[in-house]
Amino acid sequence: MKKYTVHLMIVSLLILFVTMTCAAQLRFAFMPGIADPFYFTMEKGAKAKAEELGVELLIGEYPKAWGPEYQVPILKALVARGDIDLLFTAPTSTEALIPVLKEIHDSGIPVITVDTYLGDGDYTKPSGYDFPLSFIGTDNFLGGQVVAGQLAIMLGGKGKVFLENTNPDTSSVMNRELGFRAGLKIFPEMELVGVEYCLDVQETAAAQVSAALQRHPDLAGVFGVNVFSAQGAYQAVVGAGLEGAVKIATWDATETLIEALKRDEVDLILAQMPAQMGALCVEWGVKHLNEGAEIPKKVTPGFFVFNQENVNDPEAQQYIYK
Ligand code: T6T
């Protein structure tokens with residue numbers, strides 16, 4: 001064989017190899033629920049894992065408010081590109097997101113729901129929402145029970161408490177409420193005097209908690225179930241000069257809440273593991289697409305509870321949302 005022909009063959013093989021490698025690169029899309037530190041942290045975890053595994057990761061524009069009316073148009077624009085291998089997203093409604101995600105799935109794009117789920121979240125049984133590969137998110141019911149138990153213990157097992165929630169059709173926060181109610185039942189002298197929904201608007205949460213403080217001057221504790229309701233609850237209690245007198249239990253370890261806990265103005269923070277959730281979506285997605293691995297239908301990363309005793313522990317710092 002002539003030297004020239006050998007060179008040509010080597011070059012052709014190299015081109016073929018590079019083309020195949022490029023074609024094999026997976027492209028995933030992540031569509032968050034709202035612009036907040038929880039999803040920013042999830043994006044960071046997903047990006048780090050994507051980089052490690054050589055996956056291209058596209059991030060949908062962050063919706064400015066919570067709800068299908070904000071999320072669906074962005075979602076549609078994201079998949080309209082036509083070159084996405086897998087989508088992971090936090091559905092902002094258990095029912096309203098089913099048709100659009102089903103359509104995306106039927107077009108050939110596998111879907112993972114992260115943080116929130118569709119229907120009752122059981123993707124193992126036949127239903128109109130059994131198509132996602134998996135639900136990857138916190139055991140919110142268990143977390144709600146833990147918060148109820150810790151708040152009750154802080155209050156000596158007795159007192160009136162108020163719950164600030166966000167959206168009644170969102171799986172994550174509703175399970176926190178259900179778990180909280182179930183947890184309180186163990187303490188017969190604890191009374192839940194009210195629940196309000198702020199629709200993920202911090203100012204609304206602050207106004208609702210202020211009104212609850214006025215209605216119940218003997219209120220002993222408040223639980224805010226996510227970034228907006230927790231920060232709003234904190235704002236209201238501090239605004240009324242009642243920090244310390246009214247115990248504040250919160251969910252989601254933002255820097256604002258961590259600093260408040262350090263100042264003794266907040267009593268408890270449940271931190272989820274958003275970075276791990278994002279990383280797991282990428283990792284399982286790659287395993288599924290490259291190795292045909294069957295993904296568990298439910299994956300539940302743990303959580304960590306911050307209090308006055310552990311908030312400065314070096315080990316605990318990793319759980320603060322970044
Ligand atoms: O608490 C998180 C998330 O788990 C929930 O589904 C919606 O609210 C947050 O994003 C915090 O704002």
# chains A, B, ... in the order shown; residues from 1 in each chain; ligands from 1

$ residues_around --residues "Met174 (chain A)" --least-positions-apart "6" --cutoff "8 Å" --atoms "only C-alpha atoms" --output "ChimeraX atom specification"
/A:165,167-168

$ write_last_selection --atoms "N, CA, C and O atoms" --output "mmCIF file, in the first residue's frame"
data_model
loop_
_atom_site.group_PDB
_atom_site.id
_atom_site.type_symbol
_atom_site.label_atom_id
_atom_site.label_comp_id
_atom_site.auth_asym_id
_atom_site.auth_seq_id
_atom_site.Cartn_x
_atom_site.Cartn_y
_atom_site.Cartn_z
ATOM 1 N N ASN A 165 -48.155 28.070 53.884
ATOM 2 C CA ASN A 165 -47.878 27.197 52.739
ATOM 3 C C ASN A 165 -47.821 28.042 51.461
ATOM 4 O O ASN A 165 -47.919 29.281 51.523
ATOM 5 N N ASN A 167 -48.692 26.606 47.477
ATOM 6 C CA ASN A 167 -49.662 26.269 46.425
ATOM 7 C C ASN A 167 -50.343 24.930 46.705
ATOM 8 O O ASN A 167 -49.650 23.913 46.841
ATOM 9 N N PRO A 168 -51.679 24.911 46.724
ATOM 10 C CA PRO A 168 -52.375 23.667 47.060
ATOM 11 C C PRO A 168 -52.271 22.567 46.001
ATOM 12 O O PRO A 168 -52.646 21.428 46.281
#

$ residues_near_ligand --ligand "ligand 1" --cutoff "6 Å" --atoms "only C-alpha atoms and all ligand atoms" --output "list of chain:residue names"
A:Asp36, A:Phe38, A:Asp115, A:Thr116, A:Ser172, A:Asn226, A:Val227, A:Phe228, A:Asp252

$ atom_distance --atom1 "CA of Glu103 (chain A)" --atom2 "CA of Ala90 (chain A)"
16.1 Å

$ residues_around --residues "region 191-204 of chain A" --least-positions-apart "3" --cutoff "6 Å" --atoms "only C-alpha atoms" --output "PyMOL selection string"
chain A and resi 160-167+207+228-229+232

$ write_last_selection --atoms "N, CA, C and O atoms" --output "compact mmCIF listing (two decimals), in the first residue's frame"
# COMPACT_ATOMS: atom_id res chain seq x y z
N LYS A 160 -50.16 26.89 70.36
CA LYS A 160 -50.83 27.13 69.07
C LYS A 160 -49.78 27.39 68.00
O LYS A 160 -48.85 28.17 68.23
N VAL A 161 -49.97 26.75 66.85
CA VAL A 161 -49.02 26.98 65.74
C VAL A 161 -49.78 27.29 64.45
O VAL A 161 -50.94 26.92 64.29
N PHE A 162 -49.07 27.97 63.56
CA PHE A 162 -49.65 28.41 62.29
C PHE A 162 -48.76 27.90 61.16
O PHE A 162 -47.54 27.87 61.30
N LEU A 163 -49.39 27.49 60.06
CA LEU A 163 -48.61 26.97 58.93
C LEU A 163 -48.75 27.89 57.71
O LEU A 163 -49.88 28.17 57.28
N GLU A 164 -47.63 28.36 57.20
CA GLU A 164 -47.64 29.20 55.98
C GLU A 164 -47.21 28.31 54.82
O GLU A 164 -46.08 27.84 54.76
N ASN A 165 -48.15 28.07 53.88
CA ASN A 165 -47.88 27.20 52.74
C ASN A 165 -47.82 28.04 51.46
O ASN A 165 -47.92 29.28 51.52
N THR A 166 -47.68 27.36 50.29
CA THR A 166 -47.59 28.13 49.05
C THR A 166 -48.71 27.82 48.06
O THR A 166 -49.61 28.61 47.87
N ASN A 167 -48.69 26.61 47.48
CA ASN A 167 -49.66 26.27 46.42
C ASN A 167 -50.34 24.93 46.71
O ASN A 167 -49.65 23.91 46.84
N ALA A 207 -47.61 39.09 54.98
CA ALA A 207 -48.90 39.70 55.34
C ALA A 207 -49.80 38.65 56.02
O ALA A 207 -50.47 38.97 57.01
N PHE A 228 -40.08 31.05 50.09
CA PHE A 228 -40.90 32.27 50.13
C PHE A 228 -41.77 32.34 51.38
O PHE A 228 -41.89 33.39 52.00
N SER A 229 -42.38 31.20 51.74
CA SER A 229 -43.25 31.23 52.93
C SER A 229 -42.41 31.32 54.20
O SER A 229 -42.80 32.00 55.16
N GLY A 232 -40.99 34.87 54.44
CA GLY A 232 -42.10 35.77 54.74
C GLY A 232 -42.52 35.63 56.21
O GLY A 232 -42.79 36.63 56.88

$ closest_atom_pairs --of "region 15-126 of chain A" --to "region 259-283 of chain A" --cutoff "9 Å" --atoms "only C-alpha atoms" --output "tab-separated table"
residue	atom	partner	partner_atom	distance
A:Phe28	CA	A:Val282	CA	7.7
A:Phe30	CA	A:Gly278	CA	8.7
A:Phe38	CA	A:Pro274	CA	6.2
A:Tyr39	CA	A:Pro274	CA	6.9
A:Phe40	CA	A:Pro274	CA	8.6
A:Thr41	CA	A:Ala275	CA	5.4
A:Met42	CA	A:Ala275	CA	4.2
A:Glu43	CA	A:Gly278	CA	6.3
A:Lys44	CA	A:Ala275	CA	6.3
A:Gly45	CA	A:Ala275	CA	3.9
A:Ala46	CA	A:Gly278	CA	4.2
A:Lys47	CA	A:Ala279	CA	7.6
A:Ala48	CA	A:Ala279	CA	7.4
A:Lys49	CA	A:Ala279	CA	5.3
A:Ala50	CA	A:Val282	CA	6.2
A:Leu53	CA	A:Glu283	CA	7.9
A:Val55	CA	A:Val282	CA	8.1
A:Leu57	CA	A:Val282	CA	8.9
A:Phe88	CA	A:Cys281	CA	6.8
A:Ile112	CA	A:Cys281	CA	7.1
A:Thr113	CA	A:Cys281	CA	8.7
A:Val114	CA	A:Met277	CA	7.0
A:Asp115	CA	A:Met277	CA	7.7

$ write_last_selection --atoms "N, CA, C and O atoms" --output "compact mmCIF listing (two decimals), in the first residue's frame"
# COMPACT_ATOMS: atom_id res chain seq x y z
N PHE A 28 -28.99 17.09 27.59
CA PHE A 28 -30.12 17.07 28.52
C PHE A 28 -30.64 18.49 28.71
O PHE A 28 -29.89 19.47 28.56
N PHE A 30 -32.86 20.97 31.57
CA PHE A 30 -33.40 21.12 32.93
C PHE A 30 -34.32 22.33 32.96
O PHE A 30 -33.94 23.42 32.59
N PHE A 38 -33.04 27.36 45.87
CA PHE A 38 -33.18 25.90 45.82
C PHE A 38 -32.86 25.38 44.41
O PHE A 38 -32.04 24.47 44.23
N TYR A 39 -33.49 25.98 43.40
CA TYR A 39 -33.25 25.51 42.02
C TYR A 39 -31.88 25.97 41.50
O TYR A 39 -31.30 25.29 40.66
N PHE A 40 -31.38 27.12 41.97
CA PHE A 40 -30.04 27.53 41.55
C PHE A 40 -29.02 26.48 42.01
O PHE A 40 -28.08 26.13 41.31
N THR A 41 -29.24 25.98 43.24
CA THR A 41 -28.33 24.98 43.79
C THR A 41 -28.47 23.66 43.03
O THR A 41 -27.49 22.96 42.77
N MET A 42 -29.71 23.34 42.68
CA MET A 42 -29.94 22.12 41.89
C MET A 42 -29.22 22.21 40.54
O MET A 42 -28.58 21.26 40.08
N GLU A 43 -29.30 23.38 39.92
CA GLU A 43 -28.63 23.58 38.63
C GLU A 43 -27.12 23.36 38.77
O GLU A 43 -26.49 22.71 37.94
N LYS A 44 -26.55 23.88 39.86
CA LYS A 44 -25.10 23.72 40.07
C LYS A 44 -24.71 22.26 40.17
O LYS A 44 -23.72 21.81 39.58
N GLY A 45 -25.49 21.50 40.94
CA GLY A 45 -25.20 20.06 41.10
C GLY A 45 -25.33 19.33 39.77
O GLY A 45 -24.51 18.46 39.44
N ALA A 46 -26.35 19.69 39.01
CA ALA A 46 -26.57 19.03 37.71
C ALA A 46 -25.44 19.38 36.74
O ALA A 46 -24.92 18.51 36.02
N LYS A 47 -25.03 20.65 36.75
CA LYS A 47 -23.96 21.10 35.83
C LYS A 47 -22.65 20.39 36.14
O LYS A 47 -21.94 19.98 35.22
N ALA A 48 -22.33 20.26 37.43
CA ALA A 48 -21.07 19.62 37.80
C ALA A 48 -21.07 18.16 37.33
O ALA A 48 -20.07 17.67 36.78
N LYS A 49 -22.20 17.48 37.52
CA LYS A 49 -22.26 16.07 37.11
C LYS A 49 -22.23 15.96 35.57
O LYS A 49 -21.58 15.06 35.01
N ALA A 50 -22.91 16.89 34.90
CA ALA A 50 -22.93 16.87 33.43
C ALA A 50 -21.52 17.05 32.88
O ALA A 50 -21.10 16.36 31.95
N LEU A 53 -19.55 13.87 33.31
CA LEU A 53 -19.93 12.76 32.43
C LEU A 53 -19.96 13.14 30.94
O LEU A 53 -20.37 12.34 30.11
N VAL A 55 -21.85 15.42 29.41
CA VAL A 55 -23.20 15.67 28.89
C VAL A 55 -23.35 17.17 28.68
O VAL A 55 -22.92 17.97 29.52
N LEU A 57 -25.65 20.28 28.98
CA LEU A 57 -26.84 20.56 29.77
C LEU A 57 -27.41 21.93 29.40
O LEU A 57 -26.73 22.95 29.51
N PHE A 88 -35.32 16.88 32.47
CA PHE A 88 -35.75 16.76 33.87
C PHE A 88 -36.29 18.09 34.35
O PHE A 88 -35.75 19.15 34.05
N ILE A 112 -37.80 12.96 33.46
CA ILE A 112 -37.67 12.67 34.90
C ILE A 112 -38.30 13.85 35.62
O ILE A 112 -38.06 14.99 35.24
N THR A 113 -39.13 13.60 36.65
CA THR A 113 -39.60 14.75 37.43
C THR A 113 -38.75 14.81 38.69
O THR A 113 -38.49 13.81 39.35
N VAL A 114 -38.31 16.03 38.99
CA VAL A 114 -37.40 16.24 40.11
C VAL A 114 -38.03 17.23 41.08
O VAL A 114 -38.67 18.20 40.65
N ASP A 115 -37.94 16.96 42.36
CA ASP A 115 -38.48 17.81 43.44
C ASP A 115 -39.99 17.66 43.59
O ASP A 115 -40.48 17.50 44.70

$ closest_residue --among "A:Lys297, A:Lys322, A:Lys64, A:Lys287" --to "Ala253 (chain A)" --atoms "only C-alpha atoms"
A:Lys322

$ closest_residue --among "A:Pro217, A:Pro99, A:Pro314, A:Pro132" --to "Leu86 (chain A)" --atoms "only C-alpha atoms"
A:Pro132

$ residues_around --residues "Val111 (chain A)" --least-positions-apart "3" --cutoff "10 Å" --atoms "only C-alpha atoms" --output "ChimeraX atom specification"
/A:29,85-89,101-102,104-106,108,114,131-135,281,285

$ select_by_dssp --residues "region 10-198 of chain A" --states "helix (DSSP H, G or I)" --output "number ranges by chain"
A: 10-24, 37-53, 68-79, 98-106, 140-154, 171-184

$ select_by_dssp --residues "region 74-205 of chain A" --states "strand (DSSP E or B)" --output "number ranges by chain"
A: 86-89, 111-114, 134-136, 159-165, 190-197

$ write_last_selection --atoms "C-alpha atoms" --output "mmCIF file, in the first residue's frame"
data_model
loop_
_atom_site.group_PDB
_atom_site.id
_atom_site.type_symbol
_atom_site.label_atom_id
_atom_site.label_comp_id
_atom_site.auth_asym_id
_atom_site.auth_seq_id
_atom_site.Cartn_x
_atom_site.Cartn_y
_atom_site.Cartn_z
ATOM 1 C CA LEU A 86 -33.734 13.817 28.075
ATOM 2 C CA LEU A 87 -35.661 16.378 30.106
ATOM 3 C CA PHE A 88 -35.753 16.755 33.871
ATOM 4 C CA THR A 89 -38.136 19.218 35.420
ATOM 5 C CA VAL A 111 -38.807 12.731 31.253
ATOM 6 C CA ILE A 112 -37.667 12.668 34.899
ATOM 7 C CA THR A 113 -39.601 14.745 37.433
ATOM 8 C CA VAL A 114 -37.399 16.237 40.110
ATOM 9 C CA SER A 134 -38.516 8.464 37.824
ATOM 10 C CA PHE A 135 -39.366 10.950 40.561
ATOM 11 C CA ILE A 136 -36.228 12.206 42.308
ATOM 12 C CA GLY A 159 -49.135 25.595 72.096
ATOM 13 C CA LYS A 160 -50.828 27.128 69.075
ATOM 14 C CA VAL A 161 -49.021 26.978 65.744
ATOM 15 C CA PHE A 162 -49.655 28.409 62.287
ATOM 16 C CA LEU A 163 -48.609 26.975 58.931
ATOM 17 C CA GLU A 164 -47.639 29.197 55.981
ATOM 18 C CA ASN A 165 -47.878 27.197 52.739
ATOM 19 C CA MET A 190 -50.455 21.223 70.147
ATOM 20 C CA GLU A 191 -53.045 23.043 68.047
ATOM 21 C CA LEU A 192 -52.807 24.050 64.398
ATOM 22 C CA VAL A 193 -54.829 27.279 64.305
ATOM 23 C CA GLY A 194 -54.562 28.090 60.615
ATOM 24 C CA VAL A 195 -53.042 27.466 57.180
ATOM 25 C CA GLU A 196 -52.619 30.024 54.391
ATOM 26 C CA TYR A 197 -51.234 29.812 50.833
#

$ residues_around --residues "Val238 (chain A)" --least-positions-apart "4" --cutoff "12 Å" --atoms "only C-alpha atoms" --output "list in words"
Ala206, Val209, Ser210, Leu213, Gln231, Gly232, Ala233, Tyr234, Leu242, Glu243, Gly244, Ala245, Val246, Lys247, Ile248, Ala260, Arg263, Asp264, Glu265 and Val266 of chain A

$ write_last_selection --atoms "N, CA, C and O atoms" --output "PDB file, in the first residue's frame"
ATOM      1  N   ALA A 206     -45.664  37.179  54.305  1.00  0.00           N
ATOM      2  CA  ALA A 206     -45.434  38.062  55.455  1.00  0.00           C
ATOM      3  C   ALA A 206     -46.759  38.660  55.925  1.00  0.00           C
ATOM      4  O   ALA A 206     -47.045  38.703  57.131  1.00  0.00           O
ATOM      5  N   VAL A 209     -48.904  35.924  57.679  1.00  0.00           N
ATOM      6  CA  VAL A 209     -48.406  35.568  59.020  1.00  0.00           C
ATOM      7  C   VAL A 209     -48.650  36.735  59.993  1.00  0.00           C
ATOM      8  O   VAL A 209     -49.035  36.516  61.139  1.00  0.00           O
ATOM      9  N   SER A 210     -48.477  37.976  59.520  1.00  0.00           N
ATOM     10  CA  SER A 210     -48.765  39.144  60.391  1.00  0.00           C
ATOM     11  C   SER A 210     -50.215  39.090  60.852  1.00  0.00           C
ATOM     12  O   SER A 210     -50.507  39.307  62.041  1.00  0.00           O
ATOM     13  N   LEU A 213     -50.693  36.497  63.475  1.00  0.00           N
ATOM     14  CA  LEU A 213     -50.142  36.932  64.781  1.00  0.00           C
ATOM     15  C   LEU A 213     -51.138  37.856  65.495  1.00  0.00           C
ATOM     16  O   LEU A 213     -51.275  37.811  66.715  1.00  0.00           O
ATOM     17  N   GLN A 231     -39.284  32.695  54.521  1.00  0.00           N
ATOM     18  CA  GLN A 231     -38.699  34.029  54.658  1.00  0.00           C
ATOM     19  C   GLN A 231     -39.783  35.066  54.979  1.00  0.00           C
ATOM     20  O   GLN A 231     -39.547  36.013  55.724  1.00  0.00           O
ATOM     21  N   GLY A 232     -40.985  34.871  54.436  1.00  0.00           N
ATOM     22  CA  GLY A 232     -42.104  35.770  54.741  1.00  0.00           C
ATOM     23  C   GLY A 232     -42.515  35.633  56.206  1.00  0.00           C
ATOM     24  O   GLY A 232     -42.789  36.634  56.881  1.00  0.00           O
ATOM     25  N   ALA A 233     -42.541  34.407  56.704  1.00  0.00           N
ATOM     26  CA  ALA A 233     -42.923  34.164  58.109  1.00  0.00           C
ATOM     27  C   ALA A 233     -41.905  34.828  59.036  1.00  0.00           C
ATOM     28  O   ALA A 233     -42.263  35.512  60.005  1.00  0.00           O
ATOM     29  N   TYR A 234     -40.648  34.652  58.696  1.00  0.00           N
ATOM     30  CA  TYR A 234     -39.556  35.252  59.479  1.00  0.00           C
ATOM     31  C   TYR A 234     -39.699  36.777  59.501  1.00  0.00           C
ATOM     32  O   TYR A 234     -39.649  37.419  60.558  1.00  0.00           O
ATOM     33  N   LEU A 242     -41.418  39.854  67.662  1.00  0.00           N
ATOM     34  CA  LEU A 242     -41.739  38.660  68.453  1.00  0.00           C
ATOM     35  C   LEU A 242     -40.700  37.544  68.331  1.00  0.00           C
ATOM     36  O   LEU A 242     -40.972  36.405  68.745  1.00  0.00           O
ATOM     37  N   GLU A 243     -39.532  37.841  67.699  1.00  0.00           N
ATOM     38  CA  GLU A 243     -38.531  36.781  67.567  1.00  0.00           C
ATOM     39  C   GLU A 243     -38.127  36.293  68.964  1.00  0.00           C
ATOM     40  O   GLU A 243     -37.969  37.080  69.892  1.00  0.00           O
ATOM     41  N   GLY A 244     -38.028  34.981  69.081  1.00  0.00           N
ATOM     42  CA  GLY A 244     -37.743  34.402  70.405  1.00  0.00           C
ATOM     43  C   GLY A 244     -39.042  34.002  71.098  1.00  0.00           C
ATOM     44  O   GLY A 244     -39.181  32.879  71.550  1.00  0.00           O
ATOM     45  N   ALA A 245     -40.033  34.905  71.091  1.00  0.00           N
ATOM     46  CA  ALA A 245     -41.321  34.597  71.745  1.00  0.00           C
ATOM     47  C   ALA A 245     -42.129  33.632  70.882  1.00  0.00           C
ATOM     48  O   ALA A 245     -42.804  32.734  71.391  1.00  0.00           O
ATOM     49  N   VAL A 246     -42.083  33.830  69.565  1.00  0.00           N
ATOM     50  CA  VAL A 246     -42.768  32.913  68.641  1.00  0.00           C
ATOM     51  C   VAL A 246     -41.683  32.103  67.932  1.00  0.00           C
ATOM     52  O   VAL A 246     -40.810  32.670  67.274  1.00  0.00           O
ATOM     53  N   LYS A 247     -41.722  30.786  68.095  1.00  0.00           N
ATOM     54  CA  LYS A 247     -40.698  29.933  67.463  1.00  0.00           C
ATOM     55  C   LYS A 247     -40.947  29.868  65.951  1.00  0.00           C
ATOM     56  O   LYS A 247     -42.089  29.753  65.507  1.00  0.00           O
ATOM     57  N   ILE A 248     -39.852  29.930  65.181  1.00  0.00           N
ATOM     58  CA  ILE A 248     -39.993  29.883  63.717  1.00  0.00           C
ATOM     59  C   ILE A 248     -39.276  28.647  63.174  1.00  0.00           C
ATOM     60  O   ILE A 248     -38.059  28.528  63.267  1.00  0.00           O
ATOM     61  N   ALA A 260     -30.145  34.233  59.916  1.00  0.00           N
ATOM     62  CA  ALA A 260     -31.169  34.502  60.941  1.00  0.00           C
ATOM     63  C   ALA A 260     -31.066  33.475  62.074  1.00  0.00           C
ATOM     64  O   ALA A 260     -31.205  33.818  63.253  1.00  0.00           O
ATOM     65  N   ARG A 263     -28.341  34.330  64.357  1.00  0.00           N
ATOM     66  CA  ARG A 263     -28.687  35.457  65.243  1.00  0.00           C
ATOM     67  C   ARG A 263     -29.774  35.073  66.241  1.00  0.00           C
ATOM     68  O   ARG A 263     -30.306  35.934  66.937  1.00  0.00           O
ATOM     69  N   ASP A 264     -30.183  33.791  66.217  1.00  0.00           N
ATOM     70  CA  ASP A 264     -31.232  33.314  67.130  1.00  0.00           C
ATOM     71  C   ASP A 264     -32.619  33.839  66.778  1.00  0.00           C
ATOM     72  O   ASP A 264     -33.497  33.878  67.632  1.00  0.00           O
ATOM     73  N   GLU A 265     -32.806  34.278  65.536  1.00  0.00           N
ATOM     74  CA  GLU A 265     -34.112  34.825  65.147  1.00  0.00           C
ATOM     75  C   GLU A 265     -34.984  33.777  64.464  1.00  0.00           C
ATOM     76  O   GLU A 265     -36.160  34.011  64.210  1.00  0.00           O
ATOM     77  N   VAL A 266     -34.374  32.650  64.107  1.00  0.00           N
ATOM     78  CA  VAL A 266     -35.082  31.510  63.523  1.00  0.00           C
ATOM     79  C   VAL A 266     -34.632  30.306  64.343  1.00  0.00           C
ATOM     80  O   VAL A 266     -33.508  30.299  64.874  1.00  0.00           O
TER      81      VAL A 266
END

$ closest_residue --among "A:Pro296, A:Gly239, A:Gly156, A:Gly67" --to "Gly221 (chain A)" --atoms "only C-alpha atoms"
A:Gly156

$ closest_residue --among "A:Leu178, A:Ile320, A:Asn140, A:Glu69" --to "Gly302 (chain A)" --atoms "only C-alpha atoms"
A:Asn140

$ residues_around --residues "Asn290 (chain A)" --least-positions-apart "4" --cutoff "10 Å" --atoms "only C-alpha atoms" --output "ChimeraX atom specification"
/A:24,26,284-286

$ closest_residue --among "A:Ala293, A:Val147, A:Ile153, A:Ala236" --to "Ala182 (chain A)" --atoms "only C-alpha atoms"
A:Val147

$ closest_residue --among "A:Thr138, A:Gln208, A:Thr256, A:Thr250" --to "Phe223 (chain A)" --atoms "only C-alpha atoms"
A:Thr250

$ atom_distance --atom1 "CA of Ile258 (chain A)" --atom2 "CA of Gln317 (chain A)"
9.9 Å
